[in-house]
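Colleague: Below you'll find coords.cif; it's mmCIF, C-alpha atoms and all ligand atoms.
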data_data
loop_
_atom_site.label_atom_id
_atom_site.label_comp_id
_atom_site.auth_asym_id
_atom_site.auth_seq_id
_atom_site.Cartn_x
_atom_site.Cartn_y
_atom_site.Cartn_z
CA MET A 4 -17.27 26.87 44.78
CA LYS A 5 -16.40 24.12 47.22
CA ASN A 6 -18.56 21.64 45.35
CA ILE A 7 -16.98 22.53 42.04
CA SER A 8 -13.44 21.90 43.32
CA LYS A 9 -14.60 18.66 44.87
CA LEU A 10 -16.02 17.61 41.51
CA ALA A 11 -12.81 18.60 39.75
CA ALA A 12 -10.76 16.58 42.22
CA THR A 13 -12.98 13.53 41.71
CA LEU A 14 -12.69 13.85 37.93
CA ALA A 15 -8.92 14.13 38.16
CA VAL A 16 -8.72 10.93 40.21
CA THR A 17 -11.07 9.10 37.81
CA THR A 18 -9.00 10.16 34.78
CA ALA A 19 -5.76 9.14 36.45
CA MET A 20 -7.20 5.73 37.25
CA ALA A 21 -8.36 5.18 33.68
CA THR A 22 -4.92 5.89 32.25
CA PRO A 23 -1.98 3.56 32.87
CA ALA A 24 0.72 5.05 35.08
CA LEU A 25 3.29 5.55 32.30
CA ALA A 26 1.01 6.51 29.39
CA GLU A 27 3.07 8.22 26.69
CA THR A 28 2.23 9.57 23.25
CA TRP A 29 4.74 8.83 20.51
CA ASP A 30 4.32 11.09 17.49
CA MET A 31 5.32 9.32 14.28
CA PRO A 32 6.13 11.57 11.30
CA MET A 33 5.62 9.96 7.87
CA ALA A 34 6.36 11.52 4.46
CA TYR A 35 3.61 10.13 2.24
CA SER A 36 -0.11 10.91 1.90
CA GLY A 37 -2.55 9.56 4.49
CA SER A 38 -4.32 7.34 1.94
CA ASN A 39 -1.05 5.71 0.78
CA PHE A 40 -0.67 2.06 1.85
CA HIS A 41 2.52 2.80 3.83
CA SER A 42 0.67 5.40 5.87
CA VAL A 43 -2.28 3.04 6.40
CA THR A 44 0.14 0.33 7.52
CA GLY A 45 1.84 2.77 9.91
CA ALA A 46 -1.50 3.82 11.42
CA GLU A 47 -2.43 0.17 12.01
CA PHE A 48 0.98 -0.50 13.49
CA GLY A 49 0.30 2.38 15.88
CA LYS A 50 -3.06 0.96 16.89
CA CYS A 51 -1.51 -2.46 17.41
CA VAL A 52 1.06 -0.98 19.80
CA THR A 53 -1.56 1.04 21.67
CA THR A 54 -3.77 -2.05 22.09
CA GLY A 55 -0.86 -4.34 22.88
CA THR A 56 0.51 -2.09 25.60
CA GLY A 57 -2.91 -1.48 27.16
CA GLY A 58 -2.63 2.18 26.21
CA ALA A 59 0.76 2.72 27.86
CA ILE A 60 2.17 3.87 24.49
CA GLU A 61 -0.06 5.65 22.06
CA ILE A 62 1.50 6.03 18.61
CA VAL A 63 0.01 8.92 16.61
CA THR A 64 0.97 9.04 12.92
CA HIS A 65 1.41 12.33 11.03
CA PRO A 66 1.38 11.54 7.28
CA SER A 67 2.11 13.82 4.27
CA GLY A 68 5.21 15.34 5.86
CA SER A 69 2.89 17.36 8.13
CA LEU A 70 5.04 17.10 11.27
CA PHE A 71 8.48 16.85 9.61
CA LYS A 72 9.18 16.85 5.89
CA GLY A 73 10.54 13.59 4.49
CA ALA A 74 14.11 14.85 4.34
CA ASP A 75 14.03 15.88 8.03
CA ILE A 76 12.42 12.80 9.58
CA LYS A 77 15.55 10.75 10.23
CA ARG A 78 17.32 13.62 11.98
CA ALA A 79 14.21 14.35 14.07
CA VAL A 80 14.24 10.75 15.34
CA GLN A 81 18.03 10.61 15.81
CA THR A 82 18.00 13.75 17.93
CA GLY A 83 14.99 12.63 19.95
CA GLN A 84 12.62 15.38 18.78
CA VAL A 85 10.29 12.45 18.13
CA ASN A 86 10.68 8.82 19.24
CA ILE A 87 9.70 7.11 16.00
CA GLY A 88 9.33 7.85 12.28
CA GLU A 89 9.06 6.47 8.76
CA ARG A 90 11.20 7.39 5.76
CA LEU A 91 12.33 6.15 2.36
CA LEU A 92 15.53 4.26 3.22
CA SER A 93 17.37 5.15 -0.01
CA GLY A 94 16.71 8.83 0.73
CA HIS A 95 19.82 8.51 2.95
CA GLN A 96 22.03 7.23 0.15
CA ASN A 97 23.88 10.55 0.15
CA GLU A 98 25.05 9.79 3.74
CA ASN A 99 26.03 6.19 3.12
CA ALA A 100 25.85 4.35 -0.21
CA LEU A 101 24.69 1.19 1.60
CA PHE A 102 21.26 2.78 2.13
CA GLY A 103 20.86 2.65 -1.66
CA PHE A 104 21.05 -1.15 -1.87
CA ASP A 105 17.37 -1.28 -2.92
CA SER A 106 17.72 1.30 -5.73
CA VAL A 107 20.33 -0.50 -7.82
CA PRO A 108 18.66 -0.81 -11.24
CA PHE A 109 17.49 -4.29 -12.23
CA LEU A 110 19.10 -6.06 -9.25
CA ALA A 111 15.73 -7.07 -7.72
CA THR A 112 12.73 -6.36 -9.93
CA SER A 113 9.94 -8.46 -8.36
CA PHE A 114 8.39 -8.55 -4.90
CA ASP A 115 9.94 -11.98 -4.23
CA ASP A 116 13.41 -10.81 -5.17
CA ALA A 117 12.97 -7.54 -3.26
CA ASP A 118 12.18 -9.60 -0.13
CA LYS A 119 15.30 -11.72 -0.64
CA LEU A 120 17.41 -8.63 -1.19
CA TRP A 121 16.04 -7.17 2.03
CA GLU A 122 16.86 -10.37 3.91
CA ALA A 123 20.40 -10.15 2.54
CA ALA A 124 20.78 -6.45 3.42
CA LYS A 125 18.92 -6.23 6.73
CA PRO A 126 21.75 -7.13 9.17
CA THR A 127 24.05 -4.56 7.53
CA ILE A 128 21.39 -1.84 7.48
CA GLU A 129 20.50 -2.57 11.13
CA LYS A 130 24.17 -2.19 12.02
CA VAL A 131 24.57 1.12 10.18
CA LEU A 132 21.39 2.46 11.80
CA ALA A 133 22.49 1.28 15.26
CA GLU A 134 25.66 3.35 14.88
CA GLN A 135 23.36 6.35 14.35
CA ASN A 136 21.30 5.80 17.50
CA LEU A 137 18.45 4.22 15.51
CA THR A 138 16.67 0.90 15.99
CA LEU A 139 15.01 -0.61 12.93
CA LEU A 140 11.45 -1.89 13.38
CA TYR A 141 10.16 -2.83 9.92
CA ALA A 142 10.47 -2.05 6.22
CA VAL A 143 7.93 -2.33 3.40
CA PRO A 144 8.64 -2.18 -0.36
CA TRP A 145 7.08 0.24 -2.81
CA PRO A 146 5.69 -1.34 -6.00
CA PRO A 147 8.10 -1.66 -8.98
CA GLN A 148 9.44 1.62 -10.35
CA GLY A 149 8.51 2.82 -13.83
CA LEU A 150 9.00 6.02 -15.83
CA TYR A 151 6.46 8.83 -16.04
CA PHE A 152 6.49 11.44 -18.81
CA ARG A 153 4.32 14.26 -20.00
CA ASP A 154 4.98 13.31 -23.66
CA GLU A 155 5.53 10.03 -25.45
CA VAL A 156 9.06 8.61 -25.15
CA ASN A 157 10.40 5.61 -27.05
CA SER A 158 14.12 5.75 -26.47
CA VAL A 159 16.70 7.40 -24.25
CA ALA A 160 17.35 9.95 -27.02
CA ASP A 161 13.75 11.16 -26.57
CA MET A 162 14.51 11.95 -22.90
CA LYS A 163 17.21 14.49 -23.60
CA GLY A 164 16.71 17.79 -21.76
CA ILE A 165 13.51 16.75 -19.95
CA LYS A 166 13.13 18.05 -16.38
CA PHE A 167 13.06 15.04 -14.09
CA ARG A 168 11.84 14.79 -10.50
CA SER A 169 14.24 12.68 -8.41
CA TYR A 170 13.85 11.26 -4.88
CA ASN A 171 17.36 9.96 -4.07
CA ASN A 172 20.89 9.80 -5.49
CA ALA A 173 20.13 6.85 -7.75
CA THR A 174 17.22 8.64 -9.42
CA SER A 175 19.31 11.79 -9.94
CA ARG A 176 22.05 9.67 -11.47
CA LEU A 177 19.53 7.93 -13.74
CA ALA A 178 18.47 11.36 -14.96
CA GLU A 179 22.07 12.39 -15.68
CA LEU A 180 22.82 9.20 -17.58
CA THR A 181 19.69 9.61 -19.72
CA GLY A 182 20.44 13.28 -20.47
CA MET A 183 17.60 14.58 -18.29
CA LEU A 184 17.77 17.40 -15.73
CA PRO A 185 17.19 16.17 -12.16
CA VAL A 186 15.44 18.20 -9.47
CA THR A 187 14.80 16.61 -6.07
CA ILE A 188 11.20 16.97 -4.87
CA GLU A 189 9.33 15.20 -2.04
CA ALA A 190 6.35 13.10 -3.13
CA ALA A 191 4.05 15.38 -1.11
CA GLU A 192 4.94 18.22 -3.50
CA ILE A 193 4.98 16.57 -6.91
CA SER A 194 1.42 17.39 -8.05
CA GLN A 195 2.30 21.06 -7.90
CA ALA A 196 5.73 20.52 -9.49
CA PHE A 197 4.15 18.81 -12.50
CA ALA A 198 1.29 21.30 -12.74
CA THR A 199 3.69 24.24 -12.83
CA GLY A 200 6.24 22.62 -15.17
CA VAL A 201 9.02 22.44 -12.56
CA ALA A 202 9.28 18.80 -13.68
CA ASP A 203 7.86 16.81 -16.60
CA SER A 204 8.91 13.28 -15.66
CA MET A 205 9.94 10.99 -12.80
CA VAL A 206 10.69 7.40 -11.90
CA SER A 207 8.30 6.06 -9.27
CA SER A 208 5.60 3.49 -8.61
CA GLY A 209 2.05 3.51 -9.95
CA ALA A 210 1.17 4.06 -6.29
CA THR A 211 2.78 7.49 -6.01
CA GLY A 212 1.41 8.64 -9.37
CA TYR A 213 -2.04 7.54 -8.25
CA ASP A 214 -1.77 9.11 -4.78
CA ARG A 215 -0.76 12.45 -6.32
CA LYS A 216 -3.22 12.27 -9.28
CA VAL A 217 -0.41 12.91 -11.77
CA TRP A 218 -2.73 12.29 -14.72
CA GLU A 219 -3.73 15.91 -14.29
CA SER A 220 -0.31 16.77 -15.81
CA LEU A 221 1.42 13.65 -17.14
CA ASN A 222 0.27 11.28 -19.87
CA TYR A 223 2.58 8.25 -20.01
CA PHE A 224 3.69 5.58 -17.56
CA TYR A 225 6.20 3.05 -18.86
CA GLU A 226 6.50 -0.14 -16.83
CA VAL A 227 10.22 -0.65 -16.41
CA ASP A 228 10.33 -2.58 -13.08
CA ALA A 229 13.67 -0.97 -12.34
CA TRP A 230 13.71 -1.67 -8.55
CA LEU A 231 11.44 -1.72 -5.46
CA PRO A 232 12.72 0.75 -2.85
CA ARG A 233 11.66 0.48 0.79
CA ASN A 234 10.23 2.67 3.46
CA TYR A 235 11.44 1.81 6.95
CA VAL A 236 10.14 2.57 10.42
CA PHE A 237 12.72 3.24 13.08
CA VAL A 238 12.95 4.29 16.71
CA ASN A 239 15.42 6.48 18.59
CA THR A 240 17.61 3.92 20.40
CA ASP A 241 17.56 5.82 23.72
CA SER A 242 13.75 5.79 23.60
CA TRP A 243 13.86 2.10 22.70
CA ASN A 244 16.17 1.28 25.61
CA GLY A 245 13.81 3.15 27.91
CA LEU A 246 11.03 0.64 27.20
CA ASP A 247 10.61 -2.45 29.34
CA GLU A 248 11.03 -5.83 27.70
CA ALA A 249 7.30 -6.55 27.50
CA THR A 250 6.68 -3.29 25.61
CA GLN A 251 9.60 -3.96 23.26
CA ASN A 252 8.13 -7.38 22.55
CA VAL A 253 4.75 -5.85 21.68
CA MET A 254 6.47 -3.39 19.31
CA ARG A 255 8.48 -6.13 17.65
CA GLY A 256 5.35 -8.26 17.21
CA CYS A 257 3.38 -5.36 15.74
CA ALA A 258 6.33 -4.50 13.48
CA GLN A 259 6.49 -8.02 12.10
CA MET A 260 2.77 -7.92 11.37
CA ALA A 261 3.13 -4.48 9.75
CA GLU A 262 5.94 -5.66 7.45
CA TYR A 263 3.84 -8.59 6.33
CA ALA A 264 0.60 -6.60 5.95
CA GLY A 265 2.34 -3.66 4.27
CA THR A 266 4.00 -5.93 1.71
CA TRP A 267 0.67 -7.56 0.98
CA ARG A 268 -0.92 -4.13 0.50
CA SER A 269 1.94 -3.03 -1.78
CA LYS A 270 1.27 -6.01 -4.06
CA GLU A 271 -2.48 -5.35 -4.11
CA TYR A 272 -1.93 -1.64 -4.71
CA THR A 273 0.29 -2.30 -7.76
CA GLY A 274 -2.48 -3.38 -10.15
CA PHE A 275 -5.09 -1.17 -8.54
CA THR A 276 -3.08 2.00 -8.99
CA LEU A 277 -1.95 1.22 -12.56
CA GLN A 278 -5.64 0.86 -13.41
CA GLY A 279 -6.24 4.13 -11.59
CA LEU A 280 -3.67 5.84 -13.85
CA ARG A 281 -5.46 4.42 -16.91
CA ASP A 282 -8.82 5.56 -15.59
CA GLY A 283 -7.29 9.01 -15.15
CA GLY A 284 -6.51 9.01 -18.88
CA MET A 285 -2.85 7.94 -18.92
CA THR A 286 -1.25 5.47 -21.30
CA VAL A 287 0.21 2.66 -19.18
CA ALA A 288 2.43 0.30 -21.16
CA PRO A 289 5.69 -1.65 -21.06
CA ALA A 290 8.72 0.32 -22.26
CA SER A 291 9.75 -0.31 -25.88
CA ASP A 292 12.48 -2.90 -26.47
CA THR A 293 14.86 -0.11 -27.50
CA MET A 294 14.23 1.79 -24.27
CA LYS A 295 14.53 -1.39 -22.17
CA GLY A 296 17.87 -2.27 -23.76
CA GLU A 297 19.25 1.23 -23.27
CA LEU A 298 18.09 1.34 -19.66
CA GLN A 299 19.74 -2.04 -19.01
CA THR A 300 23.06 -0.59 -20.17
CA ILE A 301 22.61 2.45 -17.93
CA GLY A 302 21.65 0.08 -15.11
CA GLU A 303 24.97 -1.74 -15.53
CA THR A 304 26.87 1.53 -15.19
CA MET A 305 24.90 2.41 -12.08
CA THR A 306 25.47 -1.04 -10.57
CA THR A 307 29.23 -0.70 -11.05
CA GLU A 308 29.17 2.77 -9.52
CA TRP A 309 27.10 1.62 -6.54
CA LEU A 310 29.40 -1.35 -5.87
CA GLU A 311 32.38 0.99 -5.88
CA ALA A 312 30.68 3.39 -3.47
CA ALA A 313 29.28 0.71 -1.15
CA GLY A 314 32.55 -1.23 -0.82
CA ALA A 315 32.93 -4.69 0.72
CA ASP A 316 29.65 -4.48 2.67
CA GLY A 317 27.74 -3.66 -0.52
CA ALA A 318 29.37 -6.51 -2.44
CA ALA A 319 28.53 -8.88 0.44
CA ILE A 320 24.83 -7.89 0.22
CA VAL A 321 24.75 -8.57 -3.53
CA ASP A 322 26.59 -11.90 -3.08
CA ALA A 323 24.23 -13.01 -0.30
CA PHE A 324 21.25 -12.06 -2.46
CA LYS A 325 22.60 -13.93 -5.48
CA GLY A 326 23.21 -16.94 -3.26
CA MET A 327 19.47 -17.07 -2.52
CA GLN A 328 18.47 -17.43 -6.20
N1 LIG B 1 7.25 6.43 -4.35
C1 LIG B 1 8.15 7.27 -3.60
C2 LIG B 1 9.43 6.51 -3.56
C3 LIG B 1 9.26 5.33 -4.41
C4 LIG B 1 7.85 5.35 -4.82
O1 LIG B 1 7.29 4.48 -5.48
C5 LIG B 1 8.35 8.59 -4.25
O2 LIG B 1 8.11 8.73 -5.46
O3 LIG B 1 8.79 9.51 -3.56
#
Transcribe the structure of this file into structure tokens.
Ligand code: PCA
Modeller:
Amino acid sequence: MKNISKLAATLAVTTAMATPALAETWDMPMAYSGSNFHSVTGAEFGKCVTTGTGGAIEIVTHPSGSLFKGADIKRAVQTGQVNIGERLLSGHQNENALFGFDSVPFLATSFDDADKLWEAAKPTIEKVLAEQNLTLLYAVPWPPQGLYFRDEVNSVADMKGIKFRSYNNATSRLAELTGMLPVTIEAAEISQAFATGVADSMVSSGATGYDRKVWESLNYFYEVDAWLPRNYVFVNTDSWNGLDEATQNVMRGCAQMAEYAGTWRSKEYTGFTLQGLRDGGMTVAPASDTMKGELQTIGETMTTEWLEAAGADGAAIVDAFKGMQ
């Protein structure tokens, strides 16, 4: 008995010595599937922080909405239930129109323009987040958004009455303006929604269609390049202020690397996943000229509406972006 407690005491001391004094685990909820490039980027960001802090902070990612569902992640971080998380930024457009700057149709339709738009918007978004007790770390774009349908569609008239899966206000509005019926569903749940006929269409990237194997239900992907929305990684500001400067510097460094690496992956994943949709049996093609023209007109309406909702700060983002062209 004595020997056993002695052994236990020795083990306890050894373990304590091997672990830095302030070792902490930071759980990081993420909404998208583990194989998705955003989730891979987040996991590598976590490893970078763990290595960089000598194990003082271990970031453990929880993809697929397994810890908190997408719609609950921001609140979980704000209220300190977790220290860090990742979410689609425009998912918060219903709180503040400014969060929808990256889902304004046809404003920024390429990776280069999406980066410029982010540069123009970042100080404003950081400010809005700071007012909500959140500190921005990095943001990575999704590939360009196109339209998925079960059946062939050549014009907006063909879309009338189709059930449409939306992921933010802009996508719901797009559905309304095209005569479709929007229903908001998290990416983690779309395979089932399409399989059961809850929805028959959506706007998203090739990446999300590929991740969720939508070819099991849908047959057409039209490349529209409507916008490139971003996921962002953010920290509870109280947790952030509790870190010493050296640790904050490691996190900032890892975040910068993650933004760069994630963007690179997003570009690589664009072609790869469109090919994956084709291999799954889908028709992947540019939208018809008629459809493109009609969507442009709808895009103009949505741009006007967004500028009205986002006020002077929104207009300043668009002006700054246009000034970079
Ligand atoms: N995929 C995410 C958002 C944008 C994208 O390409 C989704 O469909 O939920």
Colleague: Just give me the gap between atom CA of A:Ala190 and atom CA of A:Thr53 in Å, one decimal is fine.
Modeller: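 These atoms are spaced 28.7 Å apart.
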Colleague: Any chance you could tabulate, as a Markdown table, the residues of chain A at most 9 Å from ligand LIG 1 (chain B) with each one's nearest atom pair and distance in Å to one decimal, using all atoms listed in the file, in chain and rising number order?
Modeller:
| residue | atom | partner | partner_atom | distance |
| --- | --- | --- | --- | --- |
| A:Ala34 | CA | B:LIG1 | O3 | 8.6 |
| A:Tyr35 | CA | B:LIG1 | O3 | 7.8 |
| A:Leu91 | CA | B:LIG1 | C2 | 6.6 |
| A:Ser93 | CA | B:LIG1 | C2 | 8.8 |
| A:Gly94 | CA | B:LIG1 | C2 | 8.8 |
| A:Pro144 | CA | B:LIG1 | O1 | 8.5 |
| A:Trp145 | CA | B:LIG1 | O1 | 5.0 |
| A:Pro146 | CA | B:LIG1 | O1 | 6.1 |
| A:Pro147 | CA | B:LIG1 | O1 | 7.1 |
| A:Gln148 | CA | B:LIG1 | O1 | 6.0 |
| A:Gly149 | CA | B:LIG1 | O1 | 8.6 |
| A:Arg168 | CA | B:LIG1 | O2 | 8.7 |
| A:Ser169 | CA | B:LIG1 | O2 | 7.9 |
| A:Tyr170 | CA | B:LIG1 | O3 | 5.5 |
| A:Asn171 | CA | B:LIG1 | O3 | 8.6 |
| A:Ile188 | CA | B:LIG1 | O3 | 7.9 |
| A:Glu189 | CA | B:LIG1 | O3 | 5.9 |
| A:Ala190 | CA | B:LIG1 | O3 | 4.4 |
| A:Ala191 | CA | B:LIG1 | O3 | 7.9 |
| A:Ile193 | CA | B:LIG1 | O2 | 8.6 |
| A:Met205 | CA | B:LIG1 | O2 | 7.9 |
| A:Val206 | CA | B:LIG1 | O2 | 7.1 |
| A:Ser207 | CA | B:LIG1 | O1 | 4.2 |
| A:Ser208 | CA | B:LIG1 | O1 | 3.7 |
| A:Gly209 | CA | B:LIG1 | O1 | 7.0 |
| A:Ala210 | CA | B:LIG1 | O1 | 6.2 |
| A:Thr211 | CA | B:LIG1 | N1 | 4.9 |
| A:Gly212 | CA | B:LIG1 | O2 | 7.8 |
| A:Leu231 | CA | B:LIG1 | C3 | 7.5 |
| A:Pro232 | CA | B:LIG1 | C3 | 5.9 |
| A:Arg233 | CA | B:LIG1 | C3 | 7.5 |
| A:Asn234 | CA | B:LIG1 | C2 | 8.0 |
Colleague: Which polymer residues have any atom within 10 Å of an atom of stretch 74-82 of chain A, counting all atoms listed in the file, with same-chain residues fewer than 4 positions away left out, as an MDAnalysis selection string?
Modeller: chainID A and resid 31:34 68 70 86:92 94:95 132 135:138 170 188:189 236:242
Colleague: What would the file look like if the residues just selected were written as a PDB file, in the frame of the given file with C-alpha atoms?
Modeller:
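Below you can see again-v2.pdb, which holds the result:
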ATOM      1  CA  MET A  31       5.320   9.320  14.280  1.00  0.00           C
ATOM      2  CA  PRO A  32       6.130  11.570  11.300  1.00  0.00           C
ATOM      3  CA  MET A  33       5.620   9.960   7.870  1.00  0.00           C
ATOM      4  CA  ALA A  34       6.360  11.520   4.460  1.00  0.00           C
ATOM      5  CA  GLY A  68       5.210  15.340   5.860  1.00  0.00           C
ATOM      6  CA  LEU A  70       5.040  17.100  11.270  1.00  0.00           C
ATOM      7  CA  ASN A  86      10.680   8.820  19.240  1.00  0.00           C
ATOM      8  CA  ILE A  87       9.700   7.110  16.000  1.00  0.00           C
ATOM      9  CA  GLY A  88       9.330   7.850  12.280  1.00  0.00           C
ATOM     10  CA  GLU A  89       9.060   6.470   8.760  1.00  0.00           C
ATOM     11  CA  ARG A  90      11.200   7.390   5.760  1.00  0.00           C
ATOM     12  CA  LEU A  91      12.330   6.150   2.360  1.00  0.00           C
ATOM     13  CA  LEU A  92      15.530   4.260   3.220  1.00  0.00           C
ATOM     14  CA  GLY A  94      16.710   8.830   0.730  1.00  0.00           C
ATOM     15  CA  HIS A  95      19.820   8.510   2.950  1.00  0.00           C
ATOM     16  CA  LEU A 132      21.390   2.460  11.800  1.00  0.00           C
ATOM     17  CA  GLN A 135      23.360   6.350  14.350  1.00  0.00           C
ATOM     18  CA  ASN A 136      21.300   5.800  17.500  1.00  0.00           C
ATOM     19  CA  LEU A 137      18.450   4.220  15.510  1.00  0.00           C
ATOM     20  CA  THR A 138      16.670   0.900  15.990  1.00  0.00           C
ATOM     21  CA  TYR A 170      13.850  11.260  -4.880  1.00  0.00           C
ATOM     22  CA  ILE A 188      11.200  16.970  -4.870  1.00  0.00           C
ATOM     23  CA  GLU A 189       9.330  15.200  -2.040  1.00  0.00           C
ATOM     24  CA  VAL A 236      10.140   2.570  10.420  1.00  0.00           C
ATOM     25  CA  PHE A 237      12.720   3.240  13.080  1.00  0.00           C
ATOM     26  CA  VAL A 238      12.950   4.290  16.710  1.00  0.00           C
ATOM     27  CA  ASN A 239      15.420   6.480  18.590  1.00  0.00           C
ATOM     28  CA  THR A 240      17.610   3.920  20.400  1.00  0.00           C
ATOM     29  CA  ASP A 241      17.560   5.820  23.720  1.00  0.00           C
ATOM     30  CA  SER A 242      13.750   5.790  23.600  1.00  0.00           C
TER      31      SER A 242
END
Colleague: Measuring atom to atom with only C-alpha atoms, identify which of A:Gly283, A:Gly45, A:Gly164, A:Gly182 is nearest to A:Val217.
Modeller: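 Using only C-alpha atoms, the shortest distance to A:Val217 belongs to A:Gly283.
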Colleague: Can you tell me how far atom CA of A:Ile128 sits from atom CA of A:Glu98, in Å to one decimal?
Modeller: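 Separation between atom CA of A:Ile128 and atom CA of A:Glu98: 12.8 Å.
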Colleague: Pick from A:Asp322, A:Asp115, A:Glu297, A:Glu308: nearest to A:Gly103, with only C-alpha atoms counted?
Modeller: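 Under the stated criterion, the closest residue is A:Glu308.
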Colleague: Just want the 7 Å neighbourhood of A:Ala261, counted on all atoms listed in the file, with same-chain residues fewer than 3 positions away dropped. Output as a list in words.
Modeller: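 The contact residues come out as Thr44, Phe48, Cys257, Ala258, Ala264 and Gly265 of chain A.
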Colleague: Could you tell me how far atom CA of A:Ala100 lies from atom CA of A:Phe324, in Å and to one decimal?
Modeller: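 We find that atom CA of A:Ala100 and atom CA of A:Phe324 lie 17.2 Å from each other.
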Colleague: Given only C-alpha atoms as the basis, pick out the residue of A:Pro108, A:Gln195, A:Trp243, A:Leu150 nearest to A:Trp29.
Modeller: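 Once distances to A:Trp29 are computed over only C-alpha atoms, the minimum belongs to A:Trp243.
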Colleague: Mind working out the centre and edge lengths of an axis-aligned box for stretch 257-269 of chain A, all listed atoms inside, 8 Å added to each side, rounded to one decimal in Å and written as AutoDock Vina command-line options?
Modeller:
--center_x 2.8 --center_y -5.8 --center_z 7.0 --size_x 23.4 --size_y 21.6 --size_z 33.5
Colleague: Choose the residue, out of A:Glu226, A:Glu155, A:Glu219, A:Glu129, that has the smallest atom-to-atom separation from A:Asp292; count all atoms listed in the file.
Modeller: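 Result for the nearest residue to A:Asp292: A:Glu226.
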Colleague: Could you list as a ChimeraX atom specification every residue that has an atom within 12 Å of (19.0, -10.2, -0.3), using the file's coordinates and counting only C-alpha atoms?
Modeller: /A:104-105,110-111,114-128,317-328
Colleague: When you count all atoms listed in the file, which of these residues is closest to A:Gly296: A:Tyr223, A:Tyr235, A:Tyr141, A:Phe109?
Modeller: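 That would be A:Phe109, the residue with the smallest distance to A:Gly296.
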Colleague: Find the residues near A:Phe167: any atom within 9 Å, counting only C-alpha atoms, skip ones fewer than 6 places away on the same chain, and give them as a ChimeraX atom specification.
Modeller: /A:152,174-175,178,183-187,201-206
Colleague: Go ahead and save the picked residues with C-alpha atoms, as an mmCIF file, in the frame of the given file.
Modeller:
data_model
loop_
_atom_site.group_PDB
_atom_site.id
_atom_site.type_symbol
_atom_site.label_atom_id
_atom_site.label_comp_id
_atom_site.auth_asym_id
_atom_site.auth_seq_id
_atom_site.Cartn_x
_atom_site.Cartn_y
_atom_site.Cartn_z
ATOM 1 C CA PHE A 152 6.490 11.440 -18.810
ATOM 2 C CA THR A 174 17.220 8.640 -9.420
ATOM 3 C CA SER A 175 19.310 11.790 -9.940
ATOM 4 C CA ALA A 178 18.470 11.360 -14.960
ATOM 5 C CA MET A 183 17.600 14.580 -18.290
ATOM 6 C CA LEU A 184 17.770 17.400 -15.730
ATOM 7 C CA PRO A 185 17.190 16.170 -12.160
ATOM 8 C CA VAL A 186 15.440 18.200 -9.470
ATOM 9 C CA THR A 187 14.800 16.610 -6.070
ATOM 10 C CA VAL A 201 9.020 22.440 -12.560
ATOM 11 C CA ALA A 202 9.280 18.800 -13.680
ATOM 12 C CA ASP A 203 7.860 16.810 -16.600
ATOM 13 C CA SER A 204 8.910 13.280 -15.660
ATOM 14 C CA MET A 205 9.940 10.990 -12.800
ATOM 15 C CA VAL A 206 10.690 7.400 -11.900
#
